[in-house]
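**Q** Below is the file input.pdb, with PDB, C-alpha atoms, pLDDT in the B column.
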MODEL        1
ATOM      1  CA  MET X  12       8.258  -1.504  -8.235  1.00 77.00           C
ATOM      2  CA  ILE X  13       5.737  -0.386 -10.845  1.00 87.00           C
ATOM      3  CA  ASP X  14       5.921  -0.803 -14.620  1.00 87.00           C
ATOM      4  CA  GLN X  15       5.927   2.911 -15.398  1.00 95.00           C
ATOM      5  CA  LEU X  16       6.674   5.658 -12.881  1.00 97.00           C
ATOM      6  CA  ASP X  17       5.391   9.086 -13.859  1.00 98.00           C
ATOM      7  CA  ALA X  18       5.143  10.823 -10.473  1.00 98.00           C
ATOM      8  CA  LEU X  19       6.419  10.834  -6.907  1.00 98.00           C
ATOM      9  CA  ILE X  20       3.991  12.209  -4.323  1.00 98.00           C
ATOM     10  CA  PHE X  21       5.465  13.229  -0.975  1.00 98.00           C
ATOM     11  CA  ASP X  22       3.911  13.666   2.416  1.00 98.00           C
ATOM     12  CA  VAL X  23       5.604  16.502   4.333  1.00 97.00           C
ATOM     13  CA  ASP X  24       5.759  16.205   8.136  1.00 97.00           C
ATOM     14  CA  GLY X  25       7.990  13.311   9.116  1.00 97.00           C
ATOM     15  CA  THR X  26       8.572  12.380   5.466  1.00 98.00           C
ATOM     16  CA  LEU X  27      10.478  15.273   3.923  1.00 98.00           C
ATOM     17  CA  ALA X  28      11.882  16.215   7.322  1.00 97.00           C
ATOM     18  CA  GLU X  29      11.620  15.365  11.009  1.00 97.00           C
ATOM     19  CA  THR X  30       9.324  18.307  11.628  1.00 97.00           C
ATOM     20  CA  GLU X  31       7.096  17.036  14.398  1.00 96.00           C
ATOM     21  CA  GLU X  32       9.277  18.118  17.296  1.00 97.00           C
ATOM     22  CA  ALA X  33       9.364  21.643  15.868  1.00 97.00           C
ATOM     23  CA  HIS X  34       5.573  21.515  15.575  1.00 97.00           C
ATOM     24  CA  ARG X  35       5.244  20.310  19.173  1.00 98.00           C
ATOM     25  CA  LEU X  36       7.439  23.096  20.512  1.00 98.00           C
ATOM     26  CA  ALA X  37       5.548  25.672  18.453  1.00 98.00           C
ATOM     27  CA  PHE X  38       2.234  24.422  19.858  1.00 98.00           C
ATOM     28  CA  ASN X  39       3.541  24.753  23.405  1.00 98.00           C
ATOM     29  CA  GLU X  40       4.916  28.218  22.693  1.00 98.00           C
ATOM     30  CA  ALA X  41       1.553  29.315  21.279  1.00 97.00           C
ATOM     31  CA  PHE X  42      -0.224  27.904  24.335  1.00 95.00           C
ATOM     32  CA  ALA X  43       2.086  29.805  26.683  1.00 95.00           C
ATOM     33  CA  GLU X  44       1.601  33.063  24.777  1.00 96.00           C
ATOM     34  CA  ALA X  45      -2.159  32.613  25.085  1.00 90.00           C
ATOM     35  CA  GLY X  46      -1.866  32.170  28.856  1.00 87.00           C
ATOM     36  CA  LEU X  47      -2.709  28.469  28.714  1.00 88.00           C
ATOM     37  CA  ASP X  48      -0.943  26.042  31.027  1.00 87.00           C
ATOM     38  CA  TRP X  49      -1.069  23.191  28.509  1.00 91.00           C
ATOM     39  CA  ASP X  50       2.077  21.135  27.974  1.00 94.00           C
ATOM     40  CA  TRP X  51       2.146  18.701  25.078  1.00 97.00           C
ATOM     41  CA  THR X  52       4.896  16.306  26.110  1.00 97.00           C
ATOM     42  CA  PRO X  53       6.524  14.015  23.519  1.00 97.00           C
ATOM     43  CA  ASP X  54       4.477  11.037  24.745  1.00 95.00           C
ATOM     44  CA  LEU X  55       1.219  12.989  24.633  1.00 94.00           C
ATOM     45  CA  TYR X  56       2.058  14.451  21.229  1.00 96.00           C
ATOM     46  CA  ARG X  57       2.724  10.980  19.837  1.00 95.00           C
ATOM     47  CA  GLU X  58      -0.857  10.084  20.792  1.00 93.00           C
ATOM     48  CA  LEU X  59      -2.221  13.357  19.434  1.00 95.00           C
ATOM     49  CA  LEU X  60      -0.598  12.671  16.068  1.00 95.00           C
ATOM     50  CA  LYS X  61      -3.168   9.953  15.550  1.00 93.00           C
ATOM     51  CA  VAL X  62      -5.521  12.878  14.910  1.00 94.00           C
ATOM     52  CA  THR X  63      -4.590  14.422  11.565  1.00 93.00           C
ATOM     53  CA  GLY X  64      -4.516  18.207  11.269  1.00 93.00           C
ATOM     54  CA  GLY X  65      -3.304  20.779  13.795  1.00 95.00           C
ATOM     55  CA  LYS X  66      -6.677  22.447  14.362  1.00 94.00           C
ATOM     56  CA  GLU X  67      -8.302  19.042  14.703  1.00 94.00           C
ATOM     57  CA  ARG X  68      -5.636  18.049  17.210  1.00 95.00           C
ATOM     58  CA  ILE X  69      -6.396  21.076  19.379  1.00 94.00           C
ATOM     59  CA  ALA X  70     -10.133  20.368  19.145  1.00 90.00           C
ATOM     60  CA  TRP X  71      -9.605  16.768  20.228  1.00 90.00           C
ATOM     61  CA  PHE X  72      -7.435  17.872  23.153  1.00 90.00           C
ATOM     62  CA  LEU X  73     -10.095  20.360  24.253  1.00 85.00           C
ATOM     63  CA  ALA X  74     -12.934  17.855  24.118  1.00 80.00           C
ATOM     64  CA  TYR X  75     -11.401  14.690  25.498  1.00 72.00           C
ATOM     65  CA  PRO X  76      -9.059  13.613  28.302  1.00 62.00           C
ATOM     66  CA  PRO X  77      -6.427  14.673  29.185  1.00 58.00           C
ATOM     67  CA  GLY X  78      -7.715  18.067  28.046  1.00 54.00           C
ATOM     68  CA  ASN X  79     -11.498  18.009  28.587  1.00 56.00           C
ATOM     69  CA  LEU X  80     -11.403  21.800  28.744  1.00 62.00           C
ATOM     70  CA  LEU X  81     -14.434  22.895  26.730  1.00 56.00           C
ATOM     71  CA  GLU X  82     -16.449  23.802  29.803  1.00 58.00           C
ATOM     72  CA  GLY X  83     -13.787  26.308  30.809  1.00 57.00           C
ATOM     73  CA  LEU X  84     -13.970  28.258  27.557  1.00 62.00           C
ATOM     74  CA  ASP X  85     -16.624  30.906  27.001  1.00 58.00           C
ATOM     75  CA  ALA X  86     -15.264  32.076  23.624  1.00 66.00           C
ATOM     76  CA  ASP X  87     -16.313  30.913  20.169  1.00 84.00           C
ATOM     77  CA  ILE X  88     -14.505  27.576  20.107  1.00 85.00           C
ATOM     78  CA  ASP X  89     -13.888  27.470  16.355  1.00 87.00           C
ATOM     79  CA  LEU X  90     -12.513  31.014  16.340  1.00 89.00           C
ATOM     80  CA  PHE X  91     -10.390  30.273  19.400  1.00 89.00           C
ATOM     81  CA  ILE X  92      -8.881  27.217  17.701  1.00 92.00           C
ATOM     82  CA  ARG X  93      -8.245  29.026  14.404  1.00 93.00           C
ATOM     83  CA  ARG X  94      -6.455  31.901  16.130  1.00 93.00           C
ATOM     84  CA  LEU X  95      -4.410  29.604  18.358  1.00 94.00           C
ATOM     85  CA  HIS X  96      -3.425  27.424  15.433  1.00 96.00           C
ATOM     86  CA  GLY X  97      -2.638  30.460  13.301  1.00 96.00           C
ATOM     87  CA  ARG X  98      -0.178  31.711  15.895  1.00 97.00           C
ATOM     88  CA  LYS X  99       1.335  28.248  16.189  1.00 97.00           C
ATOM     89  CA  THR X 100       1.856  28.229  12.401  1.00 95.00           C
ATOM     90  CA  GLU X 101       3.730  31.542  12.625  1.00 96.00           C
ATOM     91  CA  LEU X 102       5.942  30.233  15.410  1.00 97.00           C
ATOM     92  CA  TYR X 103       6.663  27.021  13.504  1.00 96.00           C
ATOM     93  CA  ALA X 104       7.603  28.971  10.370  1.00 95.00           C
ATOM     94  CA  SER X 105      10.014  31.067  12.443  1.00 96.00           C
ATOM     95  CA  ARG X 106      11.690  27.936  13.791  1.00 95.00           C
ATOM     96  CA  VAL X 107      12.042  26.473  10.313  1.00 95.00           C
ATOM     97  CA  ALA X 108      13.378  29.732   8.864  1.00 93.00           C
ATOM     98  CA  ALA X 109      15.994  29.798  11.645  1.00 93.00           C
ATOM     99  CA  GLY X 110      17.288  26.415  10.487  1.00 91.00           C
ATOM    100  CA  ALA X 111      15.744  24.260  13.213  1.00 92.00           C
ATOM    101  CA  VAL X 112      14.601  21.588  10.734  1.00 95.00           C
ATOM    102  CA  ALA X 113      16.624  19.824   8.034  1.00 94.00           C
ATOM    103  CA  LEU X 114      15.482  17.453   5.312  1.00 97.00           C
ATOM    104  CA  ARG X 115      15.864  13.772   6.095  1.00 98.00           C
ATOM    105  CA  PRO X 116      18.992  12.175   4.590  1.00 97.00           C
ATOM    106  CA  GLY X 117      18.380  11.184   0.987  1.00 97.00           C
ATOM    107  CA  ILE X 118      15.342  13.389   0.378  1.00 98.00           C
ATOM    108  CA  GLU X 119      17.077  16.207  -1.511  1.00 97.00           C
ATOM    109  CA  PRO X 120      19.012  13.837  -3.837  1.00 97.00           C
ATOM    110  CA  LEU X 121      15.779  11.912  -4.462  1.00 98.00           C
ATOM    111  CA  ILE X 122      13.913  15.076  -5.457  1.00 98.00           C
ATOM    112  CA  ARG X 123      16.744  16.232  -7.707  1.00 97.00           C
ATOM    113  CA  GLU X 124      17.082  12.825  -9.373  1.00 97.00           C
ATOM    114  CA  ALA X 125      13.340  12.645 -10.031  1.00 98.00           C
ATOM    115  CA  ARG X 126      13.532  16.098 -11.564  1.00 97.00           C
ATOM    116  CA  ARG X 127      16.481  15.007 -13.739  1.00 97.00           C
ATOM    117  CA  ARG X 128      14.483  11.994 -14.908  1.00 97.00           C
ATOM    118  CA  ARG X 129      11.495  14.236 -15.698  1.00 97.00           C
ATOM    119  CA  ILE X 130       9.307  12.469 -13.199  1.00 98.00           C
ATOM    120  CA  GLN X 131       6.593  14.762 -11.889  1.00 98.00           C
ATOM    121  CA  LEU X 132       6.722  15.800  -8.239  1.00 98.00           C
ATOM    122  CA  ALA X 133       3.790  16.469  -5.954  1.00 98.00           C
ATOM    123  CA  ILE X 134       2.922  17.004  -2.321  1.00 98.00           C
ATOM    124  CA  ALA X 135      -0.084  15.543  -0.519  1.00 98.00           C
ATOM    125  CA  THR X 136      -0.202  16.591   3.110  1.00 97.00           C
ATOM    126  CA  THR X 137      -2.553  17.383   5.951  1.00 94.00           C
ATOM    127  CA  THR X 138      -0.429  20.357   6.967  1.00 92.00           C
ATOM    128  CA  SER X 139      -1.114  23.883   5.746  1.00 90.00           C
ATOM    129  CA  ARG X 140       0.395  25.559   2.684  1.00 93.00           C
ATOM    130  CA  PRO X 141       2.386  28.063   4.793  1.00 92.00           C
ATOM    131  CA  ASN X 142       4.083  25.157   6.593  1.00 93.00           C
ATOM    132  CA  VAL X 143       4.984  23.535   3.267  1.00 95.00           C
ATOM    133  CA  GLU X 144       6.396  26.776   1.898  1.00 94.00           C
ATOM    134  CA  ALA X 145       8.351  27.456   5.083  1.00 94.00           C
ATOM    135  CA  LEU X 146      10.028  24.041   5.063  1.00 96.00           C
ATOM    136  CA  ILE X 147      10.875  23.835   1.368  1.00 95.00           C
ATOM    137  CA  GLY X 148      11.953  27.465   1.262  1.00 94.00           C
ATOM    138  CA  ALA X 149      14.328  27.056   4.187  1.00 95.00           C
ATOM    139  CA  ALA X 150      15.680  23.622   3.250  1.00 94.00           C
ATOM    140  CA  LEU X 151      15.883  23.865  -0.548  1.00 94.00           C
ATOM    141  CA  GLY X 152      15.116  27.433  -1.586  1.00 93.00           C
ATOM    142  CA  ARG X 153      11.750  28.942  -2.456  1.00 90.00           C
ATOM    143  CA  GLU X 154      12.279  28.391  -6.171  1.00 94.00           C
ATOM    144  CA  ILE X 155      12.260  24.621  -5.602  1.00 94.00           C
ATOM    145  CA  LEU X 156       8.569  24.774  -4.655  1.00 93.00           C
ATOM    146  CA  GLY X 157       7.992  25.425  -8.352  1.00 95.00           C
ATOM    147  CA  TRP X 158       9.367  21.983  -9.119  1.00 97.00           C
ATOM    148  CA  PHE X 159       6.254  20.453  -7.594  1.00 97.00           C
ATOM    149  CA  ASP X 160       3.538  20.142 -10.217  1.00 97.00           C
ATOM    150  CA  ALA X 161       0.851  19.763  -7.551  1.00 98.00           C
ATOM    151  CA  VAL X 162       0.663  20.799  -3.904  1.00 97.00           C
ATOM    152  CA  ALA X 163      -2.413  19.412  -2.144  1.00 98.00           C
ATOM    153  CA  CYS X 164      -2.797  20.506   1.480  1.00 96.00           C
ATOM    154  CA  GLY X 165      -5.190  19.598   4.250  1.00 89.00           C
ATOM    155  CA  ASP X 166      -7.247  22.782   4.040  1.00 89.00           C
ATOM    156  CA  MET X 167      -7.990  22.009   0.369  1.00 94.00           C
ATOM    157  CA  ALA X 168      -9.615  18.648   1.114  1.00 93.00           C
ATOM    158  CA  ALA X 169     -13.024  17.780   2.508  1.00 93.00           C
ATOM    159  CA  LEU X 170     -11.504  15.034   4.652  1.00 95.00           C
ATOM    160  CA  LYS X 171      -7.971  14.632   5.958  1.00 95.00           C
ATOM    161  CA  LYS X 172      -5.859  11.497   6.095  1.00 97.00           C
ATOM    162  CA  PRO X 173      -6.536   8.579   6.416  1.00 97.00           C
ATOM    163  CA  ALA X 174      -9.128   9.632   3.832  1.00 97.00           C
ATOM    164  CA  PRO X 175      -7.598   9.698   0.314  1.00 98.00           C
ATOM    165  CA  ASP X 176      -8.800  13.223  -0.549  1.00 98.00           C
ATOM    166  CA  VAL X 177      -5.422  15.009  -0.722  1.00 98.00           C
ATOM    167  CA  TYR X 178      -4.004  12.220  -2.860  1.00 98.00           C
ATOM    168  CA  ASP X 179      -7.009  12.357  -5.168  1.00 98.00           C
ATOM    169  CA  LEU X 180      -6.464  16.107  -5.511  1.00 98.00           C
ATOM    170  CA  ALA X 181      -2.765  15.651  -6.261  1.00 98.00           C
ATOM    171  CA  LEU X 182      -3.389  12.953  -8.870  1.00 98.00           C
ATOM    172  CA  ALA X 183      -6.051  15.057 -10.559  1.00 98.00           C
ATOM    173  CA  ALA X 184      -3.712  18.057 -10.724  1.00 98.00           C
ATOM    174  CA  LEU X 185      -0.906  15.905 -12.112  1.00 98.00           C
ATOM    175  CA  GLY X 186      -3.115  14.187 -14.651  1.00 98.00           C
ATOM    176  CA  VAL X 187      -1.449  10.894 -13.741  1.00 97.00           C
ATOM    177  CA  PRO X 188      -3.260   7.616 -12.962  1.00 98.00           C
ATOM    178  CA  ALA X 189      -2.620   6.177  -9.518  1.00 98.00           C
ATOM    179  CA  ALA X 190      -1.091   3.057 -11.067  1.00 97.00           C
ATOM    180  CA  ARG X 191       1.805   5.171 -12.404  1.00 98.00           C
ATOM    181  CA  ALA X 192       2.628   7.087  -9.237  1.00 98.00           C
ATOM    182  CA  VAL X 193       4.328   6.306  -5.922  1.00 98.00           C
ATOM    183  CA  ALA X 194       3.491   7.929  -2.608  1.00 98.00           C
ATOM    184  CA  ILE X 195       6.123   8.397   0.087  1.00 98.00           C
ATOM    185  CA  GLU X 196       4.733   8.464   3.623  1.00 98.00           C
ATOM    186  CA  ASP X 197       5.913   8.131   7.205  1.00 98.00           C
ATOM    187  CA  SER X 198       2.752   7.269   9.159  1.00 97.00           C
ATOM    188  CA  TRP X 199      -0.029   4.726   9.396  1.00 96.00           C
ATOM    189  CA  ASN X 200      -2.641   7.374   8.576  1.00 96.00           C
ATOM    190  CA  GLY X 201      -0.655   8.472   5.556  1.00 98.00           C
ATOM    191  CA  VAL X 202      -0.142   4.949   4.235  1.00 98.00           C
ATOM    192  CA  ARG X 203      -3.856   4.242   4.553  1.00 98.00           C
ATOM    193  CA  ALA X 204      -4.713   7.450   2.694  1.00 98.00           C
ATOM    194  CA  ALA X 205      -2.364   6.712  -0.173  1.00 98.00           C
ATOM    195  CA  LYS X 206      -3.483   3.094  -0.488  1.00 98.00           C
ATOM    196  CA  ALA X 207      -7.122   4.230  -0.500  1.00 98.00           C
ATOM    197  CA  ALA X 208      -6.236   6.434  -3.477  1.00 98.00           C
ATOM    198  CA  GLY X 209      -4.861   3.376  -5.296  1.00 98.00           C
ATOM    199  CA  LEU X 210      -1.188   4.291  -4.996  1.00 98.00           C
ATOM    200  CA  THR X 211       1.919   2.213  -4.478  1.00 98.00           C
ATOM    201  CA  VAL X 212       3.306   3.365  -1.119  1.00 98.00           C
ATOM    202  CA  ILE X 213       6.824   3.559   0.279  1.00 98.00           C
ATOM    203  CA  ALA X 214       6.846   4.043   4.056  1.00 98.00           C
ATOM    204  CA  THR X 215       9.781   5.743   5.759  1.00 98.00           C
ATOM    205  CA  PRO X 216       9.160   5.542   9.535  1.00 98.00           C
ATOM    206  CA  SER X 217      10.072   8.734  11.385  1.00 97.00           C
ATOM    207  CA  LEU X 218      10.806   9.782  14.943  1.00 95.00           C
ATOM    208  CA  TYR X 219       7.171   9.970  15.995  1.00 96.00           C
ATOM    209  CA  SER X 220       5.847   7.158  13.788  1.00 96.00           C
ATOM    210  CA  ALA X 221       8.458   4.443  14.335  1.00 96.00           C
ATOM    211  CA  ASN X 222       5.948   2.203  16.107  1.00 94.00           C
ATOM    212  CA  ASP X 223       3.150   2.620  13.536  1.00 96.00           C
ATOM    213  CA  ASP X 224       1.747  -0.360  11.648  1.00 96.00           C
ATOM    214  CA  PHE X 225       3.176  -0.300   8.122  1.00 98.00           C
ATOM    215  CA  THR X 226       1.907  -3.673   6.935  1.00 97.00           C
ATOM    216  CA  GLU X 227      -0.212  -2.009   4.222  1.00 97.00           C
ATOM    217  CA  ALA X 228       2.824  -0.300   2.672  1.00 98.00           C
ATOM    218  CA  ASP X 229       4.380  -1.842  -0.423  1.00 98.00           C
ATOM    219  CA  LEU X 230       7.879  -1.103   0.861  1.00 98.00           C
ATOM    220  CA  VAL X 231       9.379   0.095   4.147  1.00 98.00           C
ATOM    221  CA  CYS X 232      12.825   1.683   4.031  1.00 98.00           C
ATOM    222  CA  GLU X 233      14.882   4.741   4.923  1.00 97.00           C
ATOM    223  CA  PRO X 234      14.618   7.797   2.641  1.00 97.00           C
ATOM    224  CA  HIS X 235      18.195   7.407   1.387  1.00 97.00           C
ATOM    225  CA  GLN X 236      17.318   3.895   0.150  1.00 97.00           C
ATOM    226  CA  ILE X 237      14.339   4.917  -1.994  1.00 98.00           C
ATOM    227  CA  ALA X 238      16.229   5.754  -5.205  1.00 96.00           C
ATOM    228  CA  LEU X 239      17.942   2.383  -5.166  1.00 95.00           C
ATOM    229  CA  ARG X 240      14.676   0.555  -4.514  1.00 95.00           C
ATOM    230  CA  LEU X 241      13.148   2.394  -7.459  1.00 96.00           C
ATOM    231  CA  GLY X 242      15.934   1.026  -9.621  1.00 93.00           C
ATOM    232  CA  TRP X 243      17.765   4.335  -9.978  1.00 94.00           C
ATOM    233  CA  SER X 244      21.433   3.427  -9.892  1.00 72.00           C
TER     234      SER X 244
ENDMDL
END
Can the structure in the file be given as C-alpha cells, please?

**A**
Amino acid sequence: MIDQLDALIFDVDGTLAETEEAHRLAFNEAFAEAGLDWDWTPDLYRELLKVTGGKERIAWFLAYPPGNLLEGLDADIDLFIRRLHGRKTELYASRVAAGAVALRPGIEPLIREARRRRIQLAIATTTSRPNVEALIGAALGREILGWFDAVACGDMAALKKPAPDVYDLALAALGVPAARAVAIEDSWNGVRAAKAAGLTVIATPSLYSANDDFTEADLVCEPHQIALRLGWS
C-alpha cells in the first residue's frame, strides 16, 4: 500500500469499537438525569454524528432544529454544555467498564501484530482522553495504552475533524512523515481529516457510518482484512 510503513494511526469511535450506541445511550441518560426531555433516537444521532465532538453536538442540537432550545435556557450555555457532557462522559465510561463495548473483530490482532513488527501506534480522535482510556482499558487492559506512542484527542486540537489537526499532532509526536503512516477511520469526516494531513487512509465503515461517502479513502474494508491488505501474512 505504501513503500515503507512506520506507523498506524487509529481513530477510536466506530473504528476500534462500535462505541456510538453506547455514546448515544449515555447522552440520553445524562439528559434524563438533568431533567431534560430530550431523546436522541438512532436516526437523529446518525445525523448528529455529522457534527464532530460531543460538546459541539449538544451545542448544535440546542441551536438548531429539532432542538432550537437556546431561548429556554437562562444558564451560562458553555458551562451548561460542559457539565452535561462531563456527566455523559462518566456514564459512558461506566458502560464501557461494565463490558458493554467490545473491539471490532480484527482490531486486537492488528494492534498486536503492528507491535510485533515494531510499527509505531497512535490514536487521532475527536473524543476525549477519558473515553479513550476507558475503552482501551476495558477491552485490552490499561497497560496497552502505553503501546501507543501518541494519543491526540479532540480537546488538544484547535479544530476537530474534518480538519487535520489531530492527525498533525499525532504525526508530530511520532516523528513520522505522513507518507510513511496509514490512518484507519470509519467515517467521512475522519477520512477527510486524514487525507488533509497527507495520510494513506483505510476506511472501515461502522454501524453509524455505513452510508458515508468513502470515495476519498485509499482502501475500504473490514477491520479483520486490514493486516492482509497491508501484506502481513

**Q** Give the answer as one residue: which of X:Thr100, X:Thr211, X:Ser217, X:Thr52 has the shortest atom-to-atom distance to X:Leu19, using all atoms listed in the file?

**A** X:Thr211

**Q** Name every residue that the PyMOL selection byres ((chain X and resi 34) around 12) selects in this structure, writing the answer as a ChimeraX atom specification with chains first and numbers rising.

**A** /X:24-25,28-33,35-41,51-53,56-57,59-60,64-65,68,96,98-107,111-112,138,142,146,219

**Q** Write out as a PyMOL selection string the residues lying within 7 Å of stretch 152-160 of chain X, counting all atoms listed in the file and excluding same-chain residues fewer than 3 positions away.

**A** chain X and resi 131-133+147-149+185

**Q** What lies within 12 Å of X:Ala183 using all atoms listed in the file, ignoring chain neighbours under 2 positions off, as a PyMOL selection string?

**A** chain X and resi 18+133+135+160-163+176-181+185-189+192+208

**Q** May I have the residues within 8 Å of X:Phe225 as a ChimeraX atom specification, using all atoms listed in the file and disregarding those fewer than 4 positions away in the same chain?

**A** /X:198-199,202,214,231

**Q** For a test of reading the model, state the distance in Å between atom CA of X:Leu170 and atom CA of X:Ala145, rounded to one decimal.

**A**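 Pair atom CA of X:Leu170 / atom CA of X:Ala145 returns 23.4 Å.
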
**Q** Hey, can you check how far atom CA of X:Ile92 sits from atom CA of X:Thr137?

**A**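 Value for the atom CA of X:Ile92-atom CA of X:Thr137 distance: 16.6 Å.
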
**Q** Stretch 238-242 of chain X, all listed atoms, 8 Å padding on each side: what axis-aligned box centre and edge lengths in Å to one decimal come out, as JSON?

**A**
{"center_x": 15.5, "center_y": 3.2, "center_z": -7.1, "size_x": 20.8, "size_y": 21.2, "size_z": 21.1}

**Q** Any idea what the distance is between atom CA of X:His235 and atom CA of X:Arg203?

**A**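 These two atoms are separated by 22.5 Å.
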
**Q** On this structure, the PyMOL selection byres ((chain X and resi 201) around 9) would catch which residues? List them as a compact mmCIF listing (two decimals) with C-alpha atoms, in the frame of the given file, sorted by chain and number.

**A**
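As a result, expr_13.txt now contains:
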# COMPACT_ATOMS: atom_id res chain seq x y z
CA ASP X 22 3.91 13.67 2.42
CA THR X 136 -0.20 16.59 3.11
CA LYS X 172 -5.86 11.50 6.10
CA PRO X 173 -6.54 8.58 6.42
CA ALA X 174 -9.13 9.63 3.83
CA PRO X 175 -7.60 9.70 0.31
CA ILE X 195 6.12 8.40 0.09
CA GLU X 196 4.73 8.46 3.62
CA ASP X 197 5.91 8.13 7.20
CA SER X 198 2.75 7.27 9.16
CA TRP X 199 -0.03 4.73 9.40
CA ASN X 200 -2.64 7.37 8.58
CA VAL X 202 -0.14 4.95 4.24
CA ARG X 203 -3.86 4.24 4.55
CA ALA X 204 -4.71 7.45 2.69
CA ALA X 205 -2.36 6.71 -0.17
CA LYS X 206 -3.48 3.09 -0.49
CA ALA X 214 6.85 4.04 4.06

**Q** Which residue out of X:Lys61, X:Asp17, X:Asp50, X:Ala108 has the minimum interatomic distance to X:Asp223 when only C-alpha atoms are used?

**A** X:Lys61

**Q** With 12 Å as the threshold, what does the neighbourhood of (16.0, 12.6, -10.9) contain in terms of residues, counting only C-alpha atoms? Coordinates are those of the file; answer as a ChimeraX atom specification.

**A** /X:16-19,118-132,158,237-239,241-244

**Q** Of the candidates X:Ile69, X:Ala221, X:Gly165, X:Arg94, which one gets nearest to X:Arg140 if we count only C-alpha atoms?

**A**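 Among the listed residues, X:Gly165 lies closest to X:Arg140.
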
**Q** Taking into account all atoms listed in the file, which residue in the set X:Thr215, X:Arg93, X:Trp49, X:Glu58 is nearest to X:Ala70?

**A**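 Nearest candidate to X:Ala70 out of X:Thr215, X:Arg93, X:Trp49, X:Glu58: X:Arg93.
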
**Q** All heavy atoms are needed for stretch 134-139 of chain X; please write them out as a CSV table (one decimal), in the frame of the given file.

**A**
chain,number,residue,atom,x,y,z
X,134,ILE,N,3.0,17.1,-3.8
X,134,ILE,CA,2.9,17.0,-2.3
X,134,ILE,C,1.5,16.7,-2.0
X,134,ILE,O,0.6,17.3,-2.6
X,134,ILE,CB,3.4,18.3,-1.7
X,134,ILE,CG1,4.9,18.4,-1.7
X,134,ILE,CG2,2.9,18.5,-0.2
X,134,ILE,CD1,5.5,19.7,-1.3
X,135,ALA,N,1.3,15.8,-1.0
X,135,ALA,CA,-0.1,15.5,-0.5
X,135,ALA,C,0.0,15.5,1.0
X,135,ALA,O,0.6,14.5,1.5
X,135,ALA,CB,-0.6,14.2,-1.1
X,136,THR,N,-0.5,16.5,1.7
X,136,THR,CA,-0.2,16.6,3.1
X,136,THR,C,-1.4,17.1,3.9
X,136,THR,O,-2.2,17.8,3.3
X,136,THR,CB,1.0,17.5,3.4
X,136,THR,OG1,1.2,17.7,4.7
X,136,THR,CG2,0.8,18.9,2.7
X,137,THR,N,-1.5,16.8,5.1
X,137,THR,CA,-2.6,17.4,6.0
X,137,THR,C,-2.1,18.7,6.6
X,137,THR,O,-3.0,19.4,7.1
X,137,THR,CB,-3.0,16.4,7.1
X,137,THR,OG1,-1.8,16.1,7.9
X,137,THR,CG2,-3.6,15.2,6.5
X,138,THR,N,-0.9,19.1,6.4
X,138,THR,CA,-0.4,20.4,7.0
X,138,THR,C,-0.9,21.5,6.1
X,138,THR,O,-1.4,21.3,5.0
X,138,THR,CB,1.1,20.4,7.2
X,138,THR,OG1,1.4,21.4,8.1
X,138,THR,CG2,1.8,20.6,5.9
X,139,SER,N,-0.7,22.7,6.5
X,139,SER,CA,-1.1,23.9,5.7
X,139,SER,C,-0.1,24.3,4.7
X,139,SER,O,1.1,24.0,4.8
X,139,SER,CB,-1.4,25.0,6.7
X,139,SER,OG,-0.2,25.4,7.4
